[in-house]
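*Asks:* The structure's right below; bear with me while I get my questions together.
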Amino acid sequence: MTKFVRFAFASIAVLTVASGARPQAKPFASAADVQKIYDRLLPQIDRIPIYDNHSHATFPDDSDMDAQAAPPDESSVLRLRDSNLEFVAGAKALFGYPYDDFQAEHAKWLIDKKKESEAVGGTAYWDSILDKLNIETCLANRVALAPYLDPKRFHWVFFVDSFLFPLDNRDQTGKNPDMGVYIPLQEKVLHRYMQQENVNGLPVDLTGYEAFVRQTLADNQKKGGVAMKFEAAYFRSLYFSDPPREKAEAIYTKYRAGGVPSNEDYRIFQDYIFRVLIDQAGKLNLPVHFHSAVGIGDYFSLRNGNPLNLENVLRDPRYAKTKFVLIHGGYPYTLEMIWLTAAKNVYTDSSLVGYYVYPSELKNILKQWISLYPERIMFGSDAFPFNDAVGAEETFWLAARSARTAAAAALAELVAEGAFNEEKAVELARMYLHDNAARLYGESK
């Protein structure tokens with residue numbers, strides 16, 4: 001250590017002691033101190049407008065809400081069951097719901113109120129939901145942006161998994177009952193994109209298919225798309241190899257006109273097309289979203305969905321300028337997730353996590369994330385209609401309330417432990433709830 005560095009450290013130490021600042025965070029804080037700080041922080045955090053990085057804002061009868069559908073007889077976590085009275089609290093806050101449960105005769109009051117709003121048309125209804133929750137901007141993951149969503153408030157994220165399934169998918173569909181639901185919907189979206197691009201049948205060669213893929217992404221961006229989304233973890237491993245083009249070309253040529261590809265051949269082809277999609281996203285400056293957490297259905301593979309499978313892509317120098325957003329915080333791999341965001345082009349959000357777990361557990365996750373890479377974390381609601389009564393409106397409310405209270409609790413503990421002061425805590429809350437996302441999508445003020 002040089003004399004200059006030793007002198008600099010000594011000067012900092014003297015200034016720290018002289019100013020009365022605490023030079024070392026402590027591992028414990030009194031519950032009374034935490035509560036007082038929490039009580040001061042929460043009203044300030046409630047005033048921060050939210051930039052919601054991930055939602056499926058929709059009425060429940062809109063099939064464009066997602067590129068896939070929930071499989072039958074899926075399991076549901078405790079907090080998302082009809083018995084959770086938090087949803088009743090959300091309905092009361094948003095609509096003045098007069099009942100204390102969702103018994104059929106009571107739920108009808110809420111369903112009828114929402115149906116009336118849907119029938120009116122226009123964008124005022126969903127804008128009003130955002131206004132009540134102090135949500136400024138919301139990314140809507142949809143096959144197409146609905147006319148009842150105001151494009152000034154709801155920005156479109158479009159799906160791209162369908163490009164991975166242009167060949168005969170009989171073997172893919174037959175893998176399990178979930179895939180029997182998912183794959184036909186991917187085929188439907190691909191056909192929709194082909195109609196959009198005036199492509200009649202699969203292009204005659206891989207060059208033509210690549211051109212179709214690239215042009216669709218460019219056109220979707222022109223139509224308002226601010227990011228593209230992979231739900232690939234539902235279909236396969238998130239590990240994508242880097243096969244040579246010659247292999248993919250041979251597979252496409254062999255199976256374009258018919259025949260069922262082997263699992264290995266289809267995987268190689270998908271890995272190549274995946275790289276085409278990522279390359280085009282980089283050229284268009286289009287952020288790439290990945291589902292990166294546990295998923296719905298009874299056949300979802302936690303191992304395949306582990307976000308560490310993407311490490312070879314996220315750390316690839318060719319994609320250093322491409323922005324990657326790992327949706328849902330990698331849950332339950334939240335610690336692995338935050339270390340993936342050590343790369344400056346990788347972000348994550350708390351969508352889904354914010355209503356899967358209760359605020360006490362979300363607090364622990366946010367505390368860890370804020371302590372490591374606060375510049376790479378964002379709020380996301382994953383608002384989604386579970387049925388006609390408990391809609392995206394109530395899940396917006398639940399996710400937003402959970403995030404605000406959990407963030408206030410996490411930051412209160414860190415302040416009480418001496419990590420930073422309350423002014424810094426509010427700054428970090430604003431980064432999580434708004435500023436990081438606004439900056440990522442070019443809307444920071």
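Labels used: A, B, ... for chains in the order of the structure tokens, numbers from 1 for residues in each chain, and numbers from 1 for ligands as shown.
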For segment 185-199 of chain A, list every protein, DNA or RNA residue within 9 Å, evaluated using only C-alpha atoms, and leave out those in the same chain fewer than 2 positions away; present the list as a list in words.

*Replies:* Ala67, Gln68, Ala69, Val143, Phe159, Val160, Asp161, Ser162, Phe163, Leu164, Phe165, Pro166, Asn169, Val181, Tyr182, Ile183, Gly201, Leu202, Pro203, Phe212, Gln215, Thr216 and Asp219 of chain A

*Asks:* Would you return as an NGL selection string the members of segment 320-360 of chain A that DSSP assigns to strand (DSSP E) on this structure's backbone?

*Replies:* :A and (324-327 or 346-349)

*Asks:* What would the file look like if the residues just selected were written as a compact mmCIF listing (two decimals), in the first residue's frame with C-alpha atoms?

*Replies:*
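Dumped to selection.txt:
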```
# COMPACT_ATOMS: atom_id res chain seq x y z
CA PHE A 324 -31.66 -8.89 -20.38
CA VAL A 325 -34.48 -8.84 -17.83
CA LEU A 326 -34.97 -12.02 -15.79
CA ILE A 327 -38.61 -11.83 -14.79
CA VAL A 346 -28.80 -7.91 -16.65
CA TYR A 347 -31.83 -6.92 -14.55
CA THR A 348 -34.46 -8.70 -12.51
CA ASP A 349 -37.85 -7.90 -11.02
```

*Asks:* Can you tell me, as a list in words, what residues are no more than 9 Å from Lys323 of chain A when counting only C-alpha atoms, ignoring any on the same chain fewer than 2 positions away?

*Replies:*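 Once the adjacent positions are removed, what remains is Ala281, Gly282, Asn285, Leu286, Pro287, Val288, His289, Tyr319, Ala320, Lys321, Val325, Lys344, Asn345, Val346, Tyr347 and Leu440 of chain A.
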
*Asks:* Using N, CA and C atoms, can you write the selected residues to a file as a PDB file, in the first residue's frame?

*Replies:*
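Saved as again-v2.pdb:
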```
ATOM      1  N   ALA A 281     -32.513  -8.736 -31.343  1.00  0.00           N
ATOM      2  CA  ALA A 281     -32.898  -7.865 -30.230  1.00  0.00           C
ATOM      3  C   ALA A 281     -31.798  -6.851 -29.934  1.00  0.00           C
ATOM      4  N   GLY A 282     -30.537  -7.311 -29.969  1.00  0.00           N
ATOM      5  CA  GLY A 282     -29.425  -6.402 -29.750  1.00  0.00           C
ATOM      6  C   GLY A 282     -29.349  -5.323 -30.816  1.00  0.00           C
ATOM      7  N   ASN A 285     -31.978  -2.753 -30.202  1.00  0.00           N
ATOM      8  CA  ASN A 285     -31.974  -2.188 -28.842  1.00  0.00           C
ATOM      9  C   ASN A 285     -33.277  -2.529 -28.130  1.00  0.00           C
ATOM     10  N   LEU A 286     -33.668  -3.777 -28.229  1.00  0.00           N
ATOM     11  CA  LEU A 286     -34.929  -4.261 -27.677  1.00  0.00           C
ATOM     12  C   LEU A 286     -34.615  -5.162 -26.481  1.00  0.00           C
ATOM     13  N   PRO A 287     -34.944  -4.758 -25.262  1.00  0.00           N
ATOM     14  CA  PRO A 287     -34.668  -5.610 -24.102  1.00  0.00           C
ATOM     15  C   PRO A 287     -35.324  -6.984 -24.242  1.00  0.00           C
ATOM     16  N   VAL A 288     -34.656  -7.996 -23.685  1.00  0.00           N
ATOM     17  CA  VAL A 288     -35.121  -9.383 -23.776  1.00  0.00           C
ATOM     18  C   VAL A 288     -35.550  -9.858 -22.398  1.00  0.00           C
ATOM     19  N   HIS A 289     -36.821 -10.233 -22.253  1.00  0.00           N
ATOM     20  CA  HIS A 289     -37.362 -10.729 -20.992  1.00  0.00           C
ATOM     21  C   HIS A 289     -37.410 -12.260 -21.009  1.00  0.00           C
ATOM     22  N   TYR A 319     -23.228 -10.226 -26.761  1.00  0.00           N
ATOM     23  CA  TYR A 319     -24.493  -9.630 -26.348  1.00  0.00           C
ATOM     24  C   TYR A 319     -24.304  -8.611 -25.223  1.00  0.00           C
ATOM     25  N   ALA A 320     -23.112  -8.078 -25.127  1.00  0.00           N
ATOM     26  CA  ALA A 320     -22.810  -7.164 -24.020  1.00  0.00           C
ATOM     27  C   ALA A 320     -23.691  -5.916 -24.029  1.00  0.00           C
ATOM     28  N   LYS A 321     -24.185  -5.527 -25.192  1.00  0.00           N
ATOM     29  CA  LYS A 321     -25.021  -4.332 -25.283  1.00  0.00           C
ATOM     30  C   LYS A 321     -26.513  -4.670 -25.275  1.00  0.00           C
ATOM     31  N   VAL A 325     -33.662  -9.017 -19.040  1.00  0.00           N
ATOM     32  CA  VAL A 325     -34.478  -8.844 -17.833  1.00  0.00           C
ATOM     33  C   VAL A 325     -35.011 -10.213 -17.426  1.00  0.00           C
ATOM     34  N   LYS A 344     -23.672  -5.675 -16.021  1.00  0.00           N
ATOM     35  CA  LYS A 344     -24.350  -4.386 -16.124  1.00  0.00           C
ATOM     36  C   LYS A 344     -25.542  -4.395 -17.074  1.00  0.00           C
ATOM     37  N   ASN A 345     -25.676  -5.424 -17.892  1.00  0.00           N
ATOM     38  CA  ASN A 345     -26.793  -5.485 -18.838  1.00  0.00           C
ATOM     39  C   ASN A 345     -27.865  -6.477 -18.402  1.00  0.00           C
ATOM     40  N   VAL A 346     -27.836  -6.921 -17.139  1.00  0.00           N
ATOM     41  CA  VAL A 346     -28.802  -7.907 -16.647  1.00  0.00           C
ATOM     42  C   VAL A 346     -29.597  -7.303 -15.490  1.00  0.00           C
ATOM     43  N   TYR A 347     -30.919  -7.452 -15.561  1.00  0.00           N
ATOM     44  CA  TYR A 347     -31.828  -6.916 -14.551  1.00  0.00           C
ATOM     45  C   TYR A 347     -32.769  -8.022 -14.088  1.00  0.00           C
ATOM     46  N   LEU A 440     -34.194   2.021 -17.885  1.00  0.00           N
ATOM     47  CA  LEU A 440     -33.975   0.904 -18.814  1.00  0.00           C
ATOM     48  C   LEU A 440     -34.744   1.105 -20.102  1.00  0.00           C
TER      49      LEU A 440
END
```

*Asks:* Could you check which of A:Lys223, A:Lys363, A:Lys132, A:Arg170 is closest to Trp156 of chain A, using only C-alpha atoms?

*Replies:*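 Smallest separation from Trp156 of chain A among the options: A:Lys223.
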
*Asks:* Atom CA of Leu314 of chain A and atom CA of Asp279 of chain A, how far apart in Å?

*Replies:*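 Atom CA of Leu314 of chain A lies 12.4 Å from atom CA of Asp279 of chain A.
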
*Asks:* Between atom CA of Tyr255 of chain A and atom CA of Ile268 of chain A, what is the spacing in Å?

*Replies:* 13.0 Å

*Asks:* With distances taken over only C-alpha atoms, which residue among A:Leu372, A:Arg318, A:Asn306, A:Pro385 lies nearest Ile338 of chain A?

*Replies:*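 Among the listed residues, the smallest separation from Ile338 of chain A belongs to A:Leu372.
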
*Asks:* Point out the residue among A:Tyr299, A:Tyr234, A:Tyr239, A:Tyr51 with the least atom-to-atom distance to Asn134 of chain A, counting only C-alpha atoms.

*Replies:*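 When distances to Asn134 of chain A are compared using only C-alpha atoms, the smallest one comes from A:Tyr51.
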
*Asks:* Which residue, A:Leu352, A:Ala416, A:Leu433, A:Val357, has the smallest gap to Ala32 of chain A when you use only C-alpha atoms?

*Replies:*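 For Ala32 of chain A, the nearest of the given residues is A:Ala416.
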
*Asks:* My list of candidates is A:Val157, A:Ile278, A:Ala146, A:Ala399. Which is closest to Thr58 of chain A when distances are computed with only C-alpha atoms?

*Replies:* A:Ala146
